[in-house]
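File shown: final02.tsv. Contents: TSV, C-alpha atoms.
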chain	number	residue	atom	x	y	z
A	17	MET	CA	147.70	175.63	139.47
A	18	GLN	CA	150.88	174.18	140.93
A	19	THR	CA	150.49	170.76	142.57
A	20	VAL	CA	152.39	169.25	145.48
A	21	SER	CA	154.30	167.03	143.05
A	22	ASP	CA	155.71	170.18	141.43
A	23	ILE	CA	157.23	171.47	144.68
A	24	PRO	CA	160.98	170.74	144.88
A	25	PRO	CA	162.61	168.87	147.78
A	26	LEU	CA	163.63	170.94	150.80
A	27	ILE	CA	166.61	170.71	153.12
A	28	ALA	CA	166.26	171.63	156.78
A	29	THR	CA	168.56	171.79	159.78
A	30	SER	CA	167.48	171.61	163.40
A	31	VAL	CA	168.79	172.39	166.84
A	32	VAL	CA	167.74	170.69	170.06
A	33	ARG	CA	167.43	172.92	173.11
A	34	GLY	CA	168.14	171.59	176.58
A	35	SER	CA	169.33	168.12	175.56
A	36	ALA	CA	171.92	166.27	177.63
A	37	GLN	CA	175.33	165.04	176.49
A	38	GLY	CA	174.96	161.81	174.54
A	39	GLN	CA	171.53	162.75	173.17
A	40	SER	CA	170.82	164.00	169.68
A	41	HIS	CA	171.44	167.68	169.05
A	42	GLY	CA	169.49	167.97	165.84
A	43	GLY	CA	170.72	167.34	162.36
A	44	VAL	CA	170.09	167.68	158.63
A	45	TYR	CA	166.96	166.47	156.89
A	46	ILE	CA	165.74	166.17	153.30
A	47	LEU	CA	162.00	166.59	152.84
A	48	ASP	CA	160.58	165.07	149.65
A	49	SER	CA	157.69	167.44	148.97
A	50	ALA	CA	155.99	165.09	146.52
A	51	THR	CA	155.68	162.26	149.05
A	52	GLN	CA	155.98	164.43	152.21
A	53	SER	CA	158.55	161.97	153.55
A	54	VAL	CA	161.66	162.90	155.54
A	55	GLN	CA	165.19	161.48	155.54
A	56	GLN	CA	167.65	162.39	158.28
A	57	MET	CA	171.01	162.82	156.55
A	58	ILE	CA	173.11	163.86	159.57
A	59	ASP	CA	172.52	163.26	163.28
A	60	TRP	CA	174.50	166.01	164.97
A	61	ASN	CA	175.40	164.04	168.09
A	62	THR	CA	178.86	165.25	168.99
A	63	ALA	CA	180.81	165.66	172.23
A	64	ASP	CA	182.52	168.80	170.89
A	65	ILE	CA	179.77	171.11	172.13
A	66	ASP	CA	179.72	174.08	174.49
A	67	TRP	CA	177.49	172.69	177.28
A	68	ALA	CA	177.09	176.03	179.05
A	69	GLY	CA	174.39	177.44	176.79
A	70	ARG	CA	170.78	176.39	176.38
A	71	GLY	CA	170.51	175.58	172.70
A	72	TRP	CA	173.18	178.01	171.50
A	73	ASP	CA	175.64	175.45	170.14
A	74	ARG	CA	173.46	172.38	169.87
A	75	GLY	CA	172.77	171.71	166.23
A	76	LEU	CA	173.26	172.96	162.70
A	77	ARG	CA	172.06	176.25	161.30
A	78	GLY	CA	172.28	178.10	157.98
A	79	ILE	CA	172.51	176.27	154.63
A	80	ALA	CA	174.00	177.34	151.29
A	81	PHE	CA	175.29	175.77	148.07
A	82	TRP	CA	178.33	176.48	145.91
A	83	ASN	CA	180.33	174.56	143.31
A	84	GLU	CA	178.12	171.44	143.69
A	85	GLU	CA	178.83	171.33	147.44
A	86	VAL	CA	176.71	171.90	150.55
A	87	TYR	CA	177.75	174.49	153.14
A	88	ILE	CA	176.19	174.24	156.60
A	89	ALA	CA	177.03	176.43	159.58
A	90	ALA	CA	177.25	175.33	163.19
A	91	SER	CA	177.58	177.91	165.94
A	92	ASP	CA	181.27	178.64	165.35
A	93	GLU	CA	182.30	176.43	162.45
A	94	LEU	CA	181.48	176.22	158.74
A	95	PHE	CA	181.16	172.66	157.39
A	96	VAL	CA	181.33	171.53	153.78
A	97	TYR	CA	179.70	168.32	152.54
A	98	ASP	CA	179.24	166.62	149.22
A	99	GLN	CA	175.74	165.89	147.94
A	100	GLN	CA	175.65	162.58	149.86
A	101	PHE	CA	176.63	164.46	153.05
A	102	LYS	CA	180.10	163.07	153.26
A	103	PRO	CA	182.15	165.66	155.22
A	104	LEU	CA	184.82	167.30	153.06
A	105	ARG	CA	186.35	170.07	155.19
A	106	SER	CA	185.50	172.76	157.72
A	107	TYR	CA	186.57	176.29	158.60
A	108	ARG	CA	186.72	178.27	161.84
A	109	ASN	CA	187.22	181.92	162.69
A	110	ALA	CA	187.61	183.70	166.01
A	111	TYR	CA	184.79	186.11	165.09
A	112	LEU	CA	182.24	183.46	164.13
A	113	LYS	CA	179.98	182.77	167.11
A	114	HIS	CA	176.33	181.74	167.38
A	115	CYS	CA	176.03	181.78	163.59
A	116	HIS	CA	172.46	181.67	162.28
A	117	GLU	CA	171.77	182.17	158.56
A	118	ILE	CA	174.23	182.18	155.65
A	119	VAL	CA	173.92	183.15	151.98
A	120	VAL	CA	176.06	182.82	148.83
A	121	TYR	CA	176.49	185.67	146.35
A	122	ASP	CA	179.16	186.19	143.68
A	123	ASN	CA	181.47	183.38	144.91
A	124	LYS	CA	181.34	184.69	148.47
A	125	LEU	CA	179.56	183.30	151.50
A	126	TYR	CA	178.10	185.74	154.00
A	127	LEU	CA	177.50	184.51	157.57
A	128	THR	CA	175.70	186.09	160.50
A	129	SER	CA	177.90	186.15	163.59
A	130	THR	CA	175.19	186.73	166.14
A	131	GLY	CA	177.60	186.62	169.06
A	132	PHE	CA	179.62	189.54	167.64
A	133	ASP	CA	176.75	191.65	166.17
A	134	SER	CA	178.46	191.12	162.84
A	135	VAL	CA	178.33	189.71	159.34
A	136	LEU	CA	181.40	187.87	158.02
A	137	MET	CA	182.40	187.38	154.40
A	138	PHE	CA	184.04	184.07	153.47
A	139	ASP	CA	185.76	183.91	150.08
A	140	LEU	CA	184.74	180.57	148.59
A	141	PRO	CA	187.55	180.04	146.04
A	142	SER	CA	190.33	180.77	148.56
A	143	GLY	CA	188.62	179.33	151.65
A	144	GLU	CA	189.36	182.40	153.80
A	145	PHE	CA	187.36	184.78	155.97
A	146	LEU	CA	188.36	188.10	154.40
A	147	TRP	CA	185.97	190.75	155.69
A	148	GLY	CA	183.73	191.54	158.61
A	149	LEU	CA	181.05	194.14	159.28
A	150	HIS	CA	180.22	195.02	162.88
A	151	ALA	CA	176.92	196.85	163.46
A	152	ALA	CA	176.26	199.14	166.42
A	153	LYS	CA	173.34	201.43	167.20
A	154	LEU	CA	174.05	204.62	169.17
A	155	ASP	CA	171.48	207.30	169.94
A	156	GLY	CA	169.07	205.75	167.48
A	157	ARG	CA	171.54	205.69	164.57
A	158	TRP	CA	173.29	202.71	163.01
A	159	HIS	CA	177.08	202.70	162.70
A	160	ALA	CA	179.19	200.32	160.60
A	161	HIS	CA	182.69	199.16	161.44
A	162	LYS	CA	184.51	197.04	158.87
A	163	PHE	CA	187.27	194.78	160.17
A	164	ASP	CA	189.65	192.05	159.05
A	165	PRO	CA	188.60	188.76	160.69
A	166	ARG	CA	192.13	187.41	160.17
A	167	THR	CA	193.46	189.85	162.77
A	168	ASP	CA	192.79	190.46	166.47
A	169	VAL	CA	191.40	193.99	166.00
A	170	GLY	CA	187.78	192.98	165.55
A	171	PRO	CA	184.79	193.82	167.76
A	172	PRO	CA	184.18	192.50	171.28
A	173	ALA	CA	181.90	189.51	171.76
A	174	ARG	CA	178.39	190.88	172.27
A	175	ASN	CA	174.87	190.02	171.23
A	176	GLN	CA	173.01	193.29	171.43
A	177	HIS	CA	171.00	192.95	168.21
A	178	HIS	CA	170.82	189.16	167.72
A	179	ILE	CA	171.51	189.43	163.99
A	180	ASN	CA	170.08	186.22	162.55
A	181	SER	CA	169.53	186.77	158.82
A	182	VAL	CA	171.54	188.21	155.96
A	183	ASP	CA	170.70	188.84	152.31
A	184	VAL	CA	173.05	189.91	149.51
A	185	SER	CA	172.05	190.80	145.95
A	186	THR	CA	172.68	193.39	143.25
A	187	ASP	CA	170.87	195.79	145.59
A	188	GLY	CA	173.55	195.29	148.25
A	189	LEU	CA	173.84	193.67	151.67
A	190	SER	CA	171.16	193.74	154.35
A	191	PHE	CA	170.58	192.02	157.68
A	192	ALA	CA	167.98	191.73	160.42
A	193	GLY	CA	167.59	190.21	163.86
A	194	LEU	CA	165.53	189.86	167.00
A	195	ARG	CA	166.43	193.34	168.23
A	196	THR	CA	167.33	195.28	165.06
A	197	GLN	CA	163.67	196.44	164.85
A	198	GLY	CA	163.80	196.07	161.09
A	199	ILE	CA	165.96	195.30	158.08
A	200	VAL	CA	169.21	197.26	157.94
A	201	GLY	CA	171.08	197.81	154.67
A	202	LEU	CA	174.67	198.70	153.87
A	203	SER	CA	174.68	201.76	151.61
A	204	PRO	CA	177.22	202.38	148.82
A	205	ASP	CA	178.89	204.97	151.05
A	206	ALA	CA	179.51	202.21	153.66
A	207	THR	CA	176.91	203.53	156.10
A	208	LEU	CA	174.03	201.53	157.58
A	209	GLN	CA	170.46	202.61	156.93
A	210	GLN	CA	167.18	201.20	158.25
A	211	GLN	CA	165.33	199.93	155.17
A	212	VAL	CA	162.07	198.88	156.80
A	213	ASP	CA	160.76	198.94	160.37
A	214	LEU	CA	159.69	195.61	161.90
A	215	PRO	CA	158.73	194.43	165.39
A	216	GLU	CA	161.17	192.90	167.83
A	217	GLY	CA	161.44	189.12	167.99
A	218	ILE	CA	161.79	188.26	164.30
A	219	HIS	CA	163.79	185.74	162.28
A	220	ASN	CA	164.53	185.34	158.56
A	221	ALA	CA	163.37	188.79	157.47
A	222	ARG	CA	163.90	189.57	153.79
A	223	LEU	CA	162.71	192.13	151.30
A	224	THR	CA	160.64	190.94	148.35
A	225	PRO	CA	159.65	192.80	145.17
A	226	SER	CA	156.29	193.61	146.76
A	227	GLY	CA	157.27	194.15	150.39
A	228	VAL	CA	158.76	192.08	153.20
A	229	ILE	CA	158.34	188.54	154.55
A	230	PHE	CA	159.54	187.30	157.93
A	231	ASN	CA	158.93	184.95	160.82
A	232	ASP	CA	157.32	186.94	163.61
A	233	THR	CA	158.70	184.48	166.13
A	234	ALA	CA	157.45	186.38	169.16
A	235	ALA	CA	153.87	186.24	167.83
A	236	ASN	CA	153.99	182.69	166.35
A	237	TYR	CA	153.21	183.83	162.79
A	238	LEU	CA	154.78	183.93	159.34
A	239	ARG	CA	153.95	187.43	158.07
A	240	MET	CA	153.97	188.97	154.63
A	241	VAL	CA	153.53	192.76	154.50
A	242	GLU	CA	153.02	194.49	151.15
A	243	ARG	CA	154.32	197.97	150.38
A	244	ASN	CA	150.74	199.19	150.17
A	245	GLY	CA	150.12	198.08	153.76
A	246	ASP	CA	148.22	194.87	152.99
A	247	GLU	CA	149.26	192.02	155.24
A	248	ARG	CA	148.80	188.27	155.53
A	249	ARG	CA	149.54	186.18	158.61
A	250	PHE	CA	150.05	182.44	158.62
A	251	ALA	CA	149.81	180.60	161.94
A	252	PHE	CA	152.24	177.77	162.62
A	253	PRO	CA	150.76	174.36	163.41
A	254	THR	CA	150.41	173.32	167.03
A	255	TYR	CA	149.72	169.95	168.62
A	256	ALA	CA	147.85	168.56	171.59
A	257	GLU	CA	150.00	168.54	174.72
A	258	ALA	CA	149.57	164.77	175.04
A	259	GLU	CA	151.28	164.33	171.65
A	260	LEU	CA	154.42	166.23	172.64
A	261	ASP	CA	157.61	164.60	173.83
A	262	GLN	CA	159.61	166.27	176.64
A	263	ALA	CA	156.86	168.84	177.21
A	264	GLY	CA	157.36	170.85	180.38
A	265	ILE	CA	161.07	170.09	180.91
A	266	ASP	CA	162.20	173.55	179.78
A	267	ASP	CA	160.59	176.66	181.22
A	268	SER	CA	162.75	179.11	179.24
A	269	LYS	CA	160.00	179.81	176.65
A	270	LEU	CA	162.59	179.05	174.01
A	271	ALA	CA	161.43	175.48	173.60
A	272	ARG	CA	157.76	176.08	172.87
A	273	GLN	CA	155.19	175.29	170.22
A	274	GLY	CA	154.91	177.62	167.25
A	275	PHE	CA	158.45	179.02	167.58
A	276	GLY	CA	158.88	180.13	163.95
A	277	ARG	CA	162.35	180.04	162.44
A	278	GLY	CA	163.63	178.94	159.05
A	279	LEU	CA	162.19	180.36	155.84
A	280	CYS	CA	162.66	179.86	152.13
A	281	VAL	CA	160.74	181.31	149.20
A	282	ILE	CA	159.97	178.49	146.76
A	283	ASN	CA	158.47	180.69	144.05
A	284	GLU	CA	156.32	183.82	143.74
A	285	ARG	CA	153.39	181.95	145.29
A	286	LEU	CA	154.76	179.39	147.75
A	287	VAL	CA	156.94	179.76	150.84
A	288	ALA	CA	158.21	177.14	153.30
A	289	ALA	CA	158.63	177.99	156.97
A	290	GLY	CA	159.89	176.08	160.00
A	291	SER	CA	158.51	175.87	163.51
A	292	SER	CA	158.81	173.77	166.67
A	293	PRO	CA	158.43	170.98	167.46
A	294	SER	CA	160.39	170.50	164.23
A	295	THR	CA	157.82	171.03	161.50
A	296	VAL	CA	158.06	172.40	157.96
A	297	THR	CA	154.95	173.98	156.48
A	298	VAL	CA	154.41	175.20	152.92
A	299	PHE	CA	152.03	178.15	152.67
A	300	ASP	CA	150.29	179.57	149.59
A	301	LEU	CA	150.79	183.33	149.78
A	302	ILE	CA	147.97	184.05	147.32
A	303	SER	CA	145.20	181.80	148.63
A	304	GLY	CA	146.33	181.98	152.25
A	305	GLU	CA	146.04	178.20	152.56
A	306	THR	CA	148.43	175.62	154.00
A	307	VAL	CA	149.63	173.40	151.13
A	308	PHE	CA	151.11	170.78	153.46
A	309	SER	CA	152.80	170.45	156.83
A	310	VAL	CA	155.30	167.75	157.81
A	311	ASN	CA	156.47	167.06	161.35
A	312	PHE	CA	160.01	165.68	161.86
A	313	SER	CA	159.91	165.20	165.64
A	314	MET	CA	157.40	165.68	168.45
A	315	ASP	CA	160.22	166.52	170.88
A	316	ILE	CA	159.32	170.07	171.91
A	317	ARG	CA	163.04	170.91	172.23
A	318	ASN	CA	163.66	170.09	168.56
A	319	ALA	CA	163.41	173.29	166.50
A	320	ILE	CA	163.92	173.91	162.79
A	321	HIS	CA	166.75	176.36	162.11
A	322	GLY	CA	167.85	176.49	158.47
A	323	LEU	CA	165.57	175.83	155.50
A	324	GLU	CA	166.29	175.93	151.76
A	325	VAL	CA	165.21	174.39	148.47
A	326	TRP	CA	167.37	171.32	147.81
A	327	PRO	CA	168.90	171.86	144.33
A	328	TYR	CA	170.39	168.41	143.73
A	329	ALA	CA	169.14	164.85	143.29
A	330	VAL	CA	167.62	163.48	146.49
A	331	PRO	CA	170.42	161.48	148.19
A	332	VAL	CA	170.30	158.15	149.93
A	333	SER	CA	170.21	158.57	153.71
A	334	ALA	CA	173.67	158.70	155.31
A	335	ALA	CA	172.48	158.82	158.92

Take the structure in the file and write it out as structure tokens.
Amino acid sequence: MQTVSDIPPLIATSVVRGSAQGQSHGGVYILDSATQSVQQMIDWNTADIDWAGRGWDRGLRGIAFWNEEVYIAASDELFVYDQQFKPLRSYRNAYLKHCHEIVVYDNKLYLTSTGFDSVLMFDLPSGEFLWGLHAAKLDGRWHAHKFDPRTDVGPPARNQHHINSVDVSTDGLSFAGLRTQGIVGLSPDATLQQQVDLPEGIHNARLTPSGVIFNDTAANYLRMVERNGDERRFAFPTYAEAELDQAGIDDSKLARQGFGRGLCVINERLVAAGSSPSTVTVFDLISGETVFSVNFSMDIRNAIHGLEVWPYAVPVSAA
């Protein structure tokens, strides 16, 4: 049986909802699974933030790796760091807004542009946004519109589906969101097809060889549903109200306990999932047990966003 010492380090990003200018807006953390200790590598405390939204722009989101570098998305900017989290460069695009998850495949980075109901493709060798896919649903049917994000002929800024996850593999491209009501795939004929039906209010949905796994954020569970209909639910940890910091300051129901977001499959048995206040929990999909759970902050506004296995040597804290 796999022990905790065998579990690789994890990298997580967080956003802070409802914080004021001059306060922390989340950051980047490395979790050493063997010791269950946390290092904050970046404190995302910047004045260059859109202060109009509650949580939208306040923190860092999706995480990916390419060419020995670390790619991390903010709401409307893609940042590149070295393995010690020294900033190297960044990229913007007019059609990148409220980005959530990102993924690398075949030297290309795919980004969810939640604010445009789109997925963007960023060519890693050239450093350019080359392709965009806008998704619309009319009369119960999905429609795809490809566009060039280097031009001004892209889609209008909308957030009808809240696309928050994207997956790309030899099987093709798929995405899901709070209001997509499932995972939607891009077919070889460039049409969009619903691949699996899911409830509203989800994050991080992805197909697995045996079914589908996702954060049922609305219900406060990580869920794994097999193709044969078998299902397992994993409840996120919660804490006594007296332990929470900033409890009660935000009545939006966005900053609440058990808000599940951030998910990475460690292996065929173990999965890590994020929740708020910023906590990462590793679940055993076979036994149904919690392997360990580590809290980063008891500030109820502080929510995990991105979560991945850290593939490099554990760095020395740069924060």

Practice task
Please identify all polymer residues within 8 Å of Thr29 of chain A, counting only C-alpha atoms, omitting same-chain residues fewer than 6 positions from it, and present them as a list of chain:residue names.
Solution key: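 The filter keeps A:Gly42, A:Gly43, A:Val44, A:Tyr45, A:Gly75, A:Leu76, A:Arg77, A:Gly78, A:Ile79, A:Ile320, A:His321, A:Gly322, A:Leu323.
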
Practice task
Work out how far apart atom CA of Gln176 of chain A and atom CA of Ala151 of chain A are and give it in Å to one decimal.
Solution key: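 Interatomic distance, atom CA of Gln176 of chain A to atom CA of Ala151 of chain A: 9.6 Å.
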
Practice task
Show which residues sit within 12 Å of Val96 of chain A, as a list in words. Count all atoms listed in the file, and ignore same-chain residues fewer than 3 positions away.
Solution key: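 Selected residues are Gly78, Ile79, Ala80, Phe81, Trp82, Asn83, Glu84, Glu85, Val86, Tyr87, Ile88, Ala89, Ala90, Glu93, Gln99, Gln100, Phe101, Lys102, Pro103, Leu104, Arg105, Ser106, Tyr107, Arg108, Leu140 and Gly143 of chain A.
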
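What separates atom CA of Leu112 of chain A from atom CA of Ile199 of chain A is a distance of 21.0 Å.
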
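Between atom CA of Thr233 of chain A and atom CA of Pro253 of chain A lies a distance of 13.1 Å.
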
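Minimum atom-to-atom distance to Phe299 of chain A, evaluated using only C-alpha atoms, belongs to A:Arg249 out of A:Lys124, A:His114, A:Arg249, A:Arg317.
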
Handout entry: Shell of 7 Å around segment 135-138 of chain A, only C-alpha atoms, local chain residues under 3 positions omitted, as a ChimeraX atom specification
Key = /A:124-129,143-150

Exercise for the section: List the neighbours of Ala192 of chain A out to 10 Å using all atoms listed in the file; skip same-chain residues closer than 2 positions along the sequence, and give me the result as a list of chain:residue names. Expected result: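 My reading of the contact set: A:Thr128, A:His177, A:His178, A:Ile179, A:Asn180, A:Ser181, A:Val182, A:Asp183, A:Ser190, A:Leu194, A:Arg195, A:Thr196, A:Gln197, A:Gly198, A:Ile199, A:Val200, A:Gly201, A:Gln210, A:Val212, A:Leu214, A:Ile218, A:His219, A:Asn220, A:Ala221, A:Arg222, A:Phe230.
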
Fill in the blank from the handout: Across A:Asp261, A:Glu324, A:Asp92, A:Asp164, the smallest distance to Gly278 of chain A, with all atoms listed in the file counted, is shown by A:Glu324

Practice task
For segment 234-236 of chain A, list every protein, DNA or RNA residue within 7 Å, evaluated using all atoms listed in the file, and leave out those in the same chain fewer than 4 positions away; present the list as number ranges by chain.
Solution key: A: 217-218, 251-252, 274-276

Select, counting only C-alpha atoms, all protein, DNA and RNA residues no farther than 12 Å from (151.2, 163.9, 171.5) in file coordinates, and express the selection as a CSV table (one decimal) with C-alpha atoms, in the frame of the given file.
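This went into out_2.csv:
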chain,number,residue,atom,x,y,z
A,254,THR,CA,150.4,173.3,167.0
A,255,TYR,CA,149.7,170.0,168.6
A,256,ALA,CA,147.8,168.6,171.6
A,257,GLU,CA,150.0,168.5,174.7
A,258,ALA,CA,149.6,164.8,175.0
A,259,GLU,CA,151.3,164.3,171.6
A,260,LEU,CA,154.4,166.2,172.6
A,261,ASP,CA,157.6,164.6,173.8
A,262,GLN,CA,159.6,166.3,176.6
A,263,ALA,CA,156.9,168.8,177.2
A,293,PRO,CA,158.4,171.0,167.5
A,311,ASN,CA,156.5,167.1,161.4
A,313,SER,CA,159.9,165.2,165.6
A,314,MET,CA,157.4,165.7,168.4
A,315,ASP,CA,160.2,166.5,170.9
A,316,ILE,CA,159.3,170.1,171.9

Using all atoms listed in the file, what table do you get, as a Markdown table, when you list each residue of segment 141-245 of chain A with an atom no more than 10 Å from segment 283-289 of chain A, its nearest pair of atoms, and their distance in Å rounded to one decimal, rows by chain then rising number?
| residue | atom | partner | partner_atom | distance |
| --- | --- | --- | --- | --- |
| A:Asn220 | CA | A:Ala289 | CA | 9.6 |
| A:Thr224 | CA | A:Glu284 | CA | 9.5 |
| A:Pro225 | CA | A:Glu284 | CA | 9.7 |
| A:Ile229 | CA | A:Val287 | CA | 9.6 |
| A:Phe230 | CA | A:Ala289 | CA | 9.4 |
| A:Asn231 | CA | A:Ala289 | CA | 8.0 |
| A:Tyr237 | CA | A:Ala289 | CA | 9.9 |
| A:Leu238 | CA | A:Ala289 | CA | 7.5 |

Practice task
Point out the residue among A:Val281, A:His116, A:Lys153, A:Asn109 with the least atom-to-atom distance to Gly193 of chain A, counting all atoms listed in the file.
Solution key: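 Closest to Gly193 of chain A, using all atoms listed in the file: A:His116.
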
Handout entry: Among the residues A:Val228, A:Ala110, A:Val307, A:Ala160, the one that comes closest to Ile23 of chain A [using all atoms listed in the file]
Key =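 With all atoms listed in the file as the atom set, the closest residue is A:Val307.
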